[in-house]
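Data block for start-v2.csv (CSV, C-alpha atoms and all ligand atoms):
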chain,number,residue,atom,x,y,z
A,1,MET,CA,55.1,-85.2,4.0
A,2,LYS,CA,52.6,-83.6,1.6
A,3,SER,CA,50.0,-81.6,3.5
A,4,LYS,CA,46.4,-82.1,2.4
A,5,THR,CA,44.9,-78.9,1.2
A,6,ARG,CA,41.6,-78.1,2.7
A,7,LYS,CA,38.8,-76.8,0.5
A,8,VAL,CA,38.0,-73.2,1.0
A,9,ILE,CA,34.3,-72.6,1.8
A,10,ASP,CA,33.3,-69.1,0.6
A,11,LEU,CA,30.0,-68.0,2.1
A,12,ARG,CA,30.2,-64.3,1.2
A,13,SER,CA,28.1,-64.5,-2.0
A,14,ASP,CA,26.9,-66.7,-4.8
A,15,THR,CA,28.9,-64.5,-7.2
A,16,VAL,CA,32.0,-66.5,-6.2
A,17,THR,CA,30.8,-69.6,-8.1
A,18,ARG,CA,33.1,-71.0,-10.7
A,19,PRO,CA,31.8,-72.1,-14.1
A,20,THR,CA,30.8,-75.7,-14.5
A,21,PRO,CA,32.8,-78.0,-16.8
A,22,ASP,CA,29.8,-77.9,-19.2
A,23,MET,CA,30.2,-74.2,-19.4
A,24,LEU,CA,33.9,-74.3,-20.1
A,25,VAL,CA,33.3,-76.7,-23.0
A,26,ALA,CA,30.5,-74.6,-24.4
A,27,MET,CA,32.7,-71.5,-24.1
A,28,ALA,CA,35.6,-73.2,-25.9
A,29,GLU,CA,33.3,-74.4,-28.7
A,30,ALA,CA,31.2,-71.2,-29.0
A,31,ALA,CA,30.5,-69.9,-32.5
A,32,VAL,CA,31.2,-66.1,-32.3
A,33,GLY,CA,31.1,-63.0,-34.4
A,34,ASP,CA,31.1,-59.2,-33.8
A,35,ASP,CA,28.1,-58.6,-31.5
A,36,VAL,CA,28.2,-54.8,-32.1
A,37,TYR,CA,27.3,-55.7,-35.7
A,38,GLY,CA,24.7,-58.0,-34.3
A,39,GLU,CA,26.6,-60.9,-35.8
A,40,ASP,CA,27.5,-63.0,-32.8
A,41,PRO,CA,25.3,-66.1,-33.1
A,42,THR,CA,25.8,-67.2,-29.5
A,43,VAL,CA,24.9,-63.8,-28.1
A,44,ASN,CA,21.8,-63.8,-30.4
A,45,GLU,CA,20.8,-67.2,-29.3
A,46,LEU,CA,21.2,-66.3,-25.6
A,47,GLU,CA,19.1,-63.1,-26.1
A,48,LEU,CA,16.4,-65.1,-27.8
A,49,PHE,CA,16.5,-67.9,-25.3
A,50,ALA,CA,16.3,-65.4,-22.3
A,51,ALA,CA,13.5,-63.4,-23.8
A,52,LYS,CA,11.4,-66.6,-24.3
A,53,LYS,CA,12.2,-68.1,-20.9
A,54,LEU,CA,11.2,-64.9,-19.1
A,55,GLY,CA,8.2,-64.3,-21.4
A,56,PHE,CA,9.3,-61.1,-23.2
A,57,GLU,CA,9.6,-60.0,-26.8
A,58,SER,CA,13.3,-59.1,-26.6
A,59,ALA,CA,16.4,-59.3,-24.5
A,60,ILE,CA,20.0,-57.8,-24.3
A,61,PHE,CA,23.1,-59.4,-22.9
A,62,ALA,CA,25.4,-57.1,-20.8
A,63,SER,CA,28.4,-57.4,-18.6
A,64,SER,CA,26.8,-57.1,-15.2
A,65,GLY,CA,23.5,-56.7,-13.3
A,66,THR,CA,24.5,-53.1,-12.5
A,67,GLN,CA,24.6,-52.4,-16.2
A,68,THR,CA,21.3,-54.2,-17.1
A,69,ASN,CA,19.6,-52.3,-14.3
A,70,LEU,CA,21.1,-49.0,-15.5
A,71,LEU,CA,20.1,-49.8,-19.1
A,72,ALA,CA,16.5,-50.4,-17.9
A,73,LEU,CA,16.4,-47.1,-15.9
A,74,LEU,CA,17.9,-45.2,-18.9
A,75,ALA,CA,15.4,-46.8,-21.3
A,76,HIS,CA,12.4,-46.2,-19.1
A,77,CYS,CA,13.2,-42.7,-17.9
A,78,GLN,CA,14.3,-39.4,-19.4
A,79,ARG,CA,16.2,-36.6,-17.8
A,80,GLY,CA,14.1,-35.1,-15.0
A,81,ASP,CA,12.0,-38.3,-14.6
A,82,GLU,CA,11.8,-40.2,-11.4
A,83,TYR,CA,11.7,-43.8,-10.2
A,84,ILE,CA,10.3,-45.1,-7.0
A,85,VAL,CA,12.6,-47.7,-5.4
A,86,GLY,CA,13.4,-49.3,-2.1
A,87,GLN,CA,15.8,-47.5,0.2
A,88,GLN,CA,17.7,-50.8,0.6
A,89,ALA,CA,17.3,-51.9,-3.0
A,90,HIS,CA,20.4,-52.6,-5.2
A,91,THR,CA,19.2,-50.2,-7.9
A,92,TYR,CA,19.2,-47.4,-5.4
A,93,LYS,CA,21.9,-48.2,-2.8
A,94,TYR,CA,24.5,-50.3,-4.5
A,95,GLU,CA,24.9,-49.0,-8.0
A,96,GLY,CA,26.8,-45.9,-7.4
A,97,GLY,CA,23.9,-43.6,-8.1
A,98,GLY,CA,24.2,-44.5,-11.8
A,99,ALA,CA,20.7,-43.4,-12.7
A,100,ALA,CA,21.3,-40.0,-11.3
A,101,VAL,CA,24.9,-39.7,-12.4
A,102,LEU,CA,24.5,-40.9,-16.0
A,103,GLY,CA,20.7,-40.4,-16.6
A,104,SER,CA,19.7,-37.3,-14.6
A,105,ILE,CA,17.0,-39.6,-13.2
A,106,GLN,CA,15.8,-38.8,-9.7
A,107,PRO,CA,15.4,-41.7,-7.3
A,108,GLN,CA,12.5,-41.6,-4.9
A,109,PRO,CA,13.5,-44.1,-2.2
A,110,LEU,CA,11.0,-45.6,0.2
A,111,GLU,CA,11.8,-47.8,3.2
A,112,VAL,CA,11.6,-51.5,2.4
A,113,ARG,CA,9.4,-53.3,5.0
A,114,PRO,CA,10.6,-56.3,6.9
A,115,ASP,CA,8.9,-58.7,4.3
A,116,GLY,CA,10.8,-57.1,1.4
A,117,THR,CA,7.8,-55.1,0.1
A,118,LEU,CA,7.2,-51.4,-0.4
A,119,SER,CA,3.9,-50.1,1.1
A,120,LEU,CA,1.4,-49.7,-1.8
A,121,GLN,CA,-0.1,-46.8,0.0
A,122,GLN,CA,3.3,-45.1,0.3
A,123,VAL,CA,4.1,-45.7,-3.3
A,124,GLU,CA,0.7,-44.2,-4.4
A,125,GLU,CA,1.2,-41.2,-2.1
A,126,THR,CA,4.7,-40.7,-3.5
A,127,ILE,CA,3.7,-40.5,-7.2
A,128,LYS,CA,4.0,-36.8,-8.1
A,129,PRO,CA,1.2,-34.9,-9.7
A,130,ASP,CA,1.8,-33.4,-13.1
A,131,ASP,CA,3.1,-30.0,-12.0
A,132,ILE,CA,6.1,-28.0,-13.1
A,133,HIS,CA,7.5,-28.1,-9.5
A,134,PHE,CA,8.0,-31.9,-9.6
A,135,ALA,CA,10.0,-34.5,-11.3
A,136,ARG,CA,7.9,-36.8,-13.5
A,137,THR,CA,7.3,-40.1,-11.8
A,138,LYS,CA,7.7,-42.7,-14.5
A,139,LEU,CA,8.7,-46.0,-13.0
A,140,VAL,CA,8.6,-48.3,-9.9
A,141,ALA,CA,11.6,-50.6,-9.5
A,142,LEU,CA,11.3,-53.8,-7.3
A,143,GLU,CA,13.8,-56.4,-6.4
A,144,ASN,CA,13.1,-60.2,-6.1
A,145,THR,CA,14.6,-61.9,-4.2
A,146,ILE,CA,15.5,-59.0,-1.9
A,147,ALA,CA,17.9,-59.9,0.9
A,148,GLY,CA,17.0,-63.5,0.1
A,149,ARG,CA,13.3,-62.9,0.4
A,150,ALA,CA,11.0,-64.1,-2.3
A,151,LEU,CA,8.3,-61.4,-2.7
A,152,PRO,CA,4.7,-62.6,-2.1
A,153,MET,CA,2.9,-63.3,-5.4
A,154,GLU,CA,-0.3,-61.3,-4.4
A,155,TYR,CA,1.9,-58.3,-3.7
A,156,LEU,CA,3.2,-58.4,-7.3
A,157,ALA,CA,-0.3,-58.5,-8.7
A,158,ALA,CA,-1.4,-55.6,-6.5
A,159,MET,CA,1.7,-53.5,-7.5
A,160,ARG,CA,0.9,-54.2,-11.2
A,161,GLU,CA,-2.6,-53.0,-10.7
A,162,LEU,CA,-1.3,-49.8,-9.0
A,163,VAL,CA,1.3,-48.9,-11.7
A,164,GLU,CA,-1.3,-49.5,-14.5
A,165,SER,CA,-3.9,-47.3,-12.8
A,166,ARG,CA,-1.2,-44.6,-12.5
A,167,ASN,CA,0.3,-45.1,-16.0
A,168,LEU,CA,3.8,-46.0,-14.6
A,169,ALA,CA,6.2,-48.7,-15.8
A,170,LEU,CA,7.4,-51.5,-13.5
A,171,HIS,CA,11.0,-52.8,-13.5
A,172,LEU,CA,12.2,-55.9,-11.7
A,173,ASP,CA,15.8,-56.2,-10.5
A,174,GLY,CA,15.6,-60.0,-10.8
A,175,ALA,CA,19.3,-60.6,-10.2
A,176,ARG,CA,18.0,-63.7,-8.3
A,177,VAL,CA,14.5,-64.0,-9.7
A,178,PHE,CA,15.1,-67.8,-10.3
A,179,ASN,CA,15.6,-68.2,-6.6
A,180,ALA,CA,12.2,-66.7,-6.2
A,181,SER,CA,10.6,-69.0,-8.8
A,182,VAL,CA,12.2,-72.0,-7.3
A,183,TYR,CA,11.1,-70.9,-3.9
A,184,HIS,CA,7.5,-70.6,-5.0
A,185,GLN,CA,7.8,-73.7,-7.2
A,186,ILE,CA,6.4,-71.8,-10.2
A,187,ASP,CA,7.5,-71.0,-13.7
A,188,VAL,CA,9.5,-67.8,-13.6
A,189,ARG,CA,7.0,-66.2,-16.1
A,190,GLU,CA,4.4,-66.3,-13.3
A,191,ILE,CA,6.6,-63.6,-11.7
A,192,THR,CA,7.9,-61.7,-14.7
A,193,ARG,CA,4.5,-61.3,-16.3
A,194,TYR,CA,3.8,-58.4,-13.9
A,195,PHE,CA,6.8,-56.4,-15.1
A,196,ASP,CA,7.7,-54.3,-18.1
A,197,SER,CA,11.3,-55.2,-17.8
A,198,VAL,CA,13.4,-57.7,-15.8
A,199,SER,CA,17.1,-58.0,-15.3
A,200,VAL,CA,18.6,-61.3,-14.4
A,201,CYS,CA,22.2,-62.2,-13.2
A,202,LEU,CA,23.7,-65.2,-14.9
A,203,SER,CA,26.8,-65.0,-12.7
A,204,LYS,CA,25.3,-65.8,-9.2
A,205,GLY,CA,23.6,-69.0,-8.4
A,206,LEU,CA,23.4,-69.8,-12.1
A,207,CYS,CA,27.2,-70.0,-12.1
A,208,ALA,CA,28.2,-68.2,-15.3
A,209,PRO,CA,31.5,-66.4,-15.0
A,210,VAL,CA,30.1,-63.1,-16.3
A,211,GLY,CA,26.9,-61.5,-17.5
A,212,SER,CA,23.4,-60.4,-17.1
A,213,VAL,CA,20.4,-60.1,-19.4
A,214,LEU,CA,17.7,-57.4,-19.5
A,215,CYS,CA,14.3,-58.5,-21.0
A,216,GLY,CA,11.5,-56.2,-22.2
A,217,SER,CA,9.6,-55.1,-25.2
A,218,ALA,CA,11.5,-54.8,-28.6
A,219,GLU,CA,11.3,-51.1,-28.3
A,220,LEU,CA,12.7,-50.9,-24.8
A,221,ILE,CA,15.5,-53.2,-25.7
A,222,GLU,CA,16.4,-51.3,-28.8
A,223,SER,CA,16.8,-48.2,-26.6
A,224,ALA,CA,18.8,-50.2,-24.1
A,225,ARG,CA,21.1,-51.3,-26.9
A,226,ARG,CA,21.9,-47.7,-27.8
A,227,TRP,CA,22.6,-46.9,-24.1
A,228,ARG,CA,24.8,-50.0,-23.8
A,229,LYS,CA,27.0,-49.0,-26.7
A,230,MET,CA,27.3,-45.5,-25.3
A,231,LEU,CA,28.3,-46.9,-21.9
A,232,GLY,CA,31.1,-48.8,-23.6
A,233,GLY,CA,29.2,-52.1,-23.2
A,234,GLY,CA,29.5,-53.3,-26.8
A,235,MET,CA,31.5,-56.5,-26.4
A,236,ARG,CA,32.4,-57.9,-29.8
A,237,GLN,CA,33.0,-61.7,-29.6
A,238,ALA,CA,30.9,-61.8,-26.5
A,239,GLY,CA,29.6,-65.3,-27.6
A,240,TYR,CA,32.4,-66.8,-25.6
A,241,VAL,CA,30.8,-65.6,-22.4
A,242,ALA,CA,27.2,-65.8,-23.7
A,243,ALA,CA,27.8,-69.5,-24.2
A,244,ALA,CA,28.3,-69.9,-20.5
A,245,GLY,CA,25.1,-67.8,-20.0
A,246,LEU,CA,23.1,-70.2,-22.1
A,247,VAL,CA,24.2,-73.2,-20.1
A,248,ALA,CA,23.3,-71.2,-16.9
A,249,LEU,CA,19.8,-70.5,-18.1
A,250,ARG,CA,19.2,-74.0,-19.6
A,251,ASP,CA,20.8,-76.2,-17.0
A,252,ASN,CA,21.4,-74.4,-13.8
A,253,VAL,CA,18.0,-73.1,-12.7
A,254,GLU,CA,16.7,-76.3,-11.1
A,255,ARG,CA,20.0,-76.7,-9.1
A,256,LEU,CA,19.1,-73.6,-7.1
A,257,GLN,CA,16.8,-75.9,-5.1
A,258,SER,CA,19.9,-77.6,-3.6
A,259,ASP,CA,21.3,-74.2,-2.5
A,260,HIS,CA,18.0,-73.6,-0.7
A,261,GLU,CA,18.2,-77.0,0.9
A,262,ASN,CA,21.7,-76.4,2.0
A,263,ALA,CA,20.6,-73.0,3.5
A,264,THR,CA,18.0,-74.8,5.5
A,265,LYS,CA,20.5,-77.4,6.6
A,266,LEU,CA,22.9,-74.6,7.7
A,267,PHE,CA,20.1,-72.8,9.5
A,268,ASN,CA,19.1,-76.0,11.3
A,269,GLY,CA,22.7,-76.6,12.4
A,270,LEU,CA,23.2,-73.0,13.6
A,271,LYS,CA,19.9,-72.9,15.4
A,272,GLU,CA,21.4,-75.3,17.9
A,273,VAL,CA,23.9,-72.5,18.8
A,274,ASP,CA,22.1,-70.6,21.5
A,275,ALA,CA,24.3,-67.5,21.2
A,276,LEU,CA,23.1,-66.9,17.7
A,277,ASN,CA,19.4,-66.9,18.6
A,278,LEU,CA,18.2,-67.8,15.1
A,279,HIS,CA,14.5,-67.7,14.3
A,280,ALA,CA,12.6,-68.9,11.3
A,281,ASP,CA,13.0,-65.7,9.3
A,282,CYS,CA,16.8,-66.0,9.3
A,283,VAL,CA,16.7,-68.5,6.4
A,284,ARG,CA,15.6,-67.2,3.1
A,285,THR,CA,16.0,-69.0,-0.2
A,286,ASN,CA,19.8,-69.5,-0.5
A,287,MET,CA,20.8,-67.3,2.4
A,288,VAL,CA,21.1,-67.5,6.2
A,289,PHE,CA,21.3,-64.3,8.2
A,290,VAL,CA,23.1,-64.4,11.5
A,291,ASN,CA,22.6,-61.5,13.9
A,292,CYS,CA,25.4,-61.7,16.5
A,293,GLY,CA,26.6,-58.0,16.6
A,294,SER,CA,29.5,-56.6,14.7
A,295,GLN,CA,32.2,-57.3,17.2
A,296,ALA,CA,31.3,-60.9,17.7
A,297,ALA,CA,31.0,-61.2,13.9
A,298,GLU,CA,34.6,-59.9,13.5
A,299,ARG,CA,36.0,-62.4,15.9
A,300,LEU,CA,33.9,-65.3,14.4
A,301,ALA,CA,35.0,-64.3,10.9
A,302,GLY,CA,38.7,-64.5,12.1
A,303,TRP,CA,38.2,-67.9,13.7
A,304,LEU,CA,36.5,-69.2,10.6
A,305,ALA,CA,39.1,-67.8,8.3
A,306,GLU,CA,41.8,-69.9,10.1
A,307,ARG,CA,39.6,-72.9,9.2
A,308,ASP,CA,39.4,-71.9,5.5
A,309,ILE,CA,35.8,-70.7,5.8
A,310,ILE,CA,35.2,-67.2,4.5
A,311,VAL,CA,32.4,-64.9,5.6
A,312,SER,CA,31.8,-61.1,5.5
A,313,PRO,CA,31.5,-60.0,9.1
A,314,ALA,CA,28.5,-57.7,9.8
A,315,ALA,CA,26.1,-57.1,12.6
A,316,SER,CA,23.6,-59.0,10.4
A,317,MET,CA,25.9,-61.4,8.7
A,318,ARG,CA,24.7,-63.0,5.4
A,319,LEU,CA,25.8,-66.5,4.7
A,320,VAL,CA,25.2,-67.4,1.0
A,321,LEU,CA,24.9,-71.0,-0.3
A,322,HIS,CA,25.8,-71.8,-3.8
A,323,LYS,CA,27.0,-74.5,-6.2
A,324,ASP,CA,30.5,-74.7,-4.7
A,325,ILE,CA,29.3,-75.4,-1.2
A,326,SER,CA,28.2,-79.0,-0.7
A,327,SER,CA,26.0,-80.5,2.1
A,328,ARG,CA,29.2,-81.8,3.6
A,329,ASP,CA,30.7,-78.3,3.6
A,330,VAL,CA,27.7,-77.1,5.5
A,331,THR,CA,28.4,-79.7,8.2
A,332,ARG,CA,32.0,-78.4,8.4
A,333,VAL,CA,30.7,-74.8,8.8
A,334,THR,CA,28.2,-75.7,11.5
A,335,LYS,CA,30.8,-77.6,13.5
A,336,ALA,CA,33.3,-74.7,13.2
A,337,VAL,CA,30.7,-72.1,14.3
A,338,GLY,CA,29.6,-74.4,17.2
A,339,GLU,CA,33.2,-74.8,18.3
A,340,TYR,CA,33.8,-71.1,18.3
A,341,PHE,CA,30.9,-70.5,20.6
A,342,THR,CA,31.8,-73.3,23.0
A,343,THR,CA,35.5,-72.7,23.2
A,344,VAL,CA,36.1,-69.0,22.5
A,345,ASP,CA,33.2,-66.7,23.0
B,1,LIG,C1,24.3,-58.8,-7.7
B,1,LIG,C2,23.1,-57.9,-7.8
B,1,LIG,C3,23.0,-57.0,-8.9
B,1,LIG,C4,24.0,-56.8,-10.0
B,1,LIG,O1,25.3,-56.9,-9.5
B,1,LIG,P1,26.5,-57.0,-10.5
B,1,LIG,O2,27.6,-57.4,-9.6
B,1,LIG,O3,26.7,-55.7,-11.2
B,1,LIG,O4,26.2,-58.1,-11.5
B,1,LIG,C5,21.8,-56.3,-9.0
B,1,LIG,N1,20.8,-56.5,-8.0
B,1,LIG,C6,20.9,-57.3,-7.0
B,1,LIG,C7,19.8,-57.5,-6.1
B,1,LIG,C8,22.1,-58.1,-6.9
B,1,LIG,O5,22.1,-59.0,-5.9

Produce structure tokens that represent the structure in this file.
Ligand SMILES: *Cc1c(COP(=O)(O)O)cnc(C)c1O
Amino acid sequence: MKSKTRKVIDLRSDTVTRPTPDMLVAMAEAAVGDDVYGEDPTVNELELFAAKKLGFESAIFASSGTQTNLLALLAHCQRGDEYIVGQQAHTYKYEGGGAAVLGSIQPQPLEVRPDGTLSLQQVEETIKPDDIHFARTKLVALENTIAGRALPMEYLAAMRELVESRNLALHLDGARVFNASVYHQIDVREITRYFDSVSVCLSKGLCAPVGSVLCGSAELIESARRWRKMLGGGMRQAGYVAAAGLVALRDNVERLQSDHENATKLFNGLKEVDALNLHADCVRTNMVFVNCGSQAAERLAGWLAERDIIVSPAASMRLVLHKDISSRDVTRVTKAVGEYFTTVD
């Protein structure tokens, strides 16, 4: 007898999404050239499209969000300059210290508050005076969404005012900025207009297999292009992957809403499990955070793995909804978690 294979439900991240059939067709049919010569029409189209969609003069396509963030930091800051950044931000904590290693740029990390913001007062107090003892503060880098939280719009306006008054630049790690715009139900430019540069991941909820874009002024992007080449990021016939990125930006932004709805559905299901003690703040855009302690998380992850449901165990465990998890899959997850807590724990 042939055994029916059960679908694997992977809740670790929205990076696990597979390209859509439309993307595969676009990739196969892409017109390409040598992008290092500036001759790949599909890369050029993606860069133009991204710049326009995010409200900037120019954009550059790169292999990953880590690289677009690094390009931004290298383009904004010189050796001995400093950027102010969240202690828990990707650009500080999860990018291997690239700005320091490769750019001699000093990070000034500040604690991220529970709502995802940095204290404006702390940022202001941290800006170093022009004095030979200090690194030169040049940039503030924010992240939106951060741990699934869409930053409050009035905070972005206030931060813009602060950086302008102190002559600093403002970068957004917008790996999931479209989750923020969908959450606020606004055009993404309402968010990006406060920033001098924005990086966006095409390979998360937007489902492209690879890639990220950095948007900014023509001058900033020209500088980023030099750095990208130096880092080994010149990609030749990159139009084959840029084609998927174009589909991502054109067709896959609105679908993020269904990830948010599935996150809410998962949250509502898990809320019934007393042991998890979920409260309203545990659901944020396309993520649900479950705080059950690291040992229980390990046991739960093992139980779920036997049922073809994959999670990354952690004291605060992040469950991420994405294109390849349907509403029915959410029901399967909720049932499996419920069964674990009634039969095992
Ligand atoms: C995923 C992510 C990045 C970039 O990650 P890559 O894997 O290098 O594409 C940057 N910032 C945030 C907040 C992210 O979630």

- Task: Tell me, as a list in words, which residues lie within 6 Å of range 208-220 of chain A, counting only C-alpha atoms; anything in the same chain fewer than 4 positions away does not count.
- Result: Pro19, Ala51, Phe56, Glu57, Ser58, Ala59, Ile60, Phe61, Ala62, Ser63, Ser64, Gly65, Thr68, Asp196, Ser197, Val198, Ser199, Val200, Cys201, Leu202, Ser203, Ala244, Gly245 and Ala248 of chain A

- In Å and to one decimal, CA of Val253 in chain A is distant from CA of Thr285 in chain A by 13.3 Å

- Task: Around ligand LIG 1 (chain B), at most 8 Å away and counting all atoms listed in the file, which residues are there? Put them as JSON, numbers by chain, please.
- Result: {"A": [15, 63, 64, 65, 66, 67, 69, 89, 90, 91, 94, 95, 143, 144, 145, 146, 147, 173, 174, 175, 176, 201, 203, 204, 210, 211, 212]}

- Task: Quote the spacing between CA of Met287 in chain A and CA of Asn262 in chain A in Å to one decimal place.
- Result: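 If I compute the distance from CA of Met287 in chain A to CA of Asn262 in chain A, I get 9.2 Å.
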
- Task: For Asp324 in chain A, please output as a list in words all residues within 8 Å (counting all atoms listed in the file; exclusion window: fewer than 5 positions along the same chain).
- Result: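 Once the nearby chain positions are removed, what remains is Ile9, Thr17 and Arg18 of chain A.
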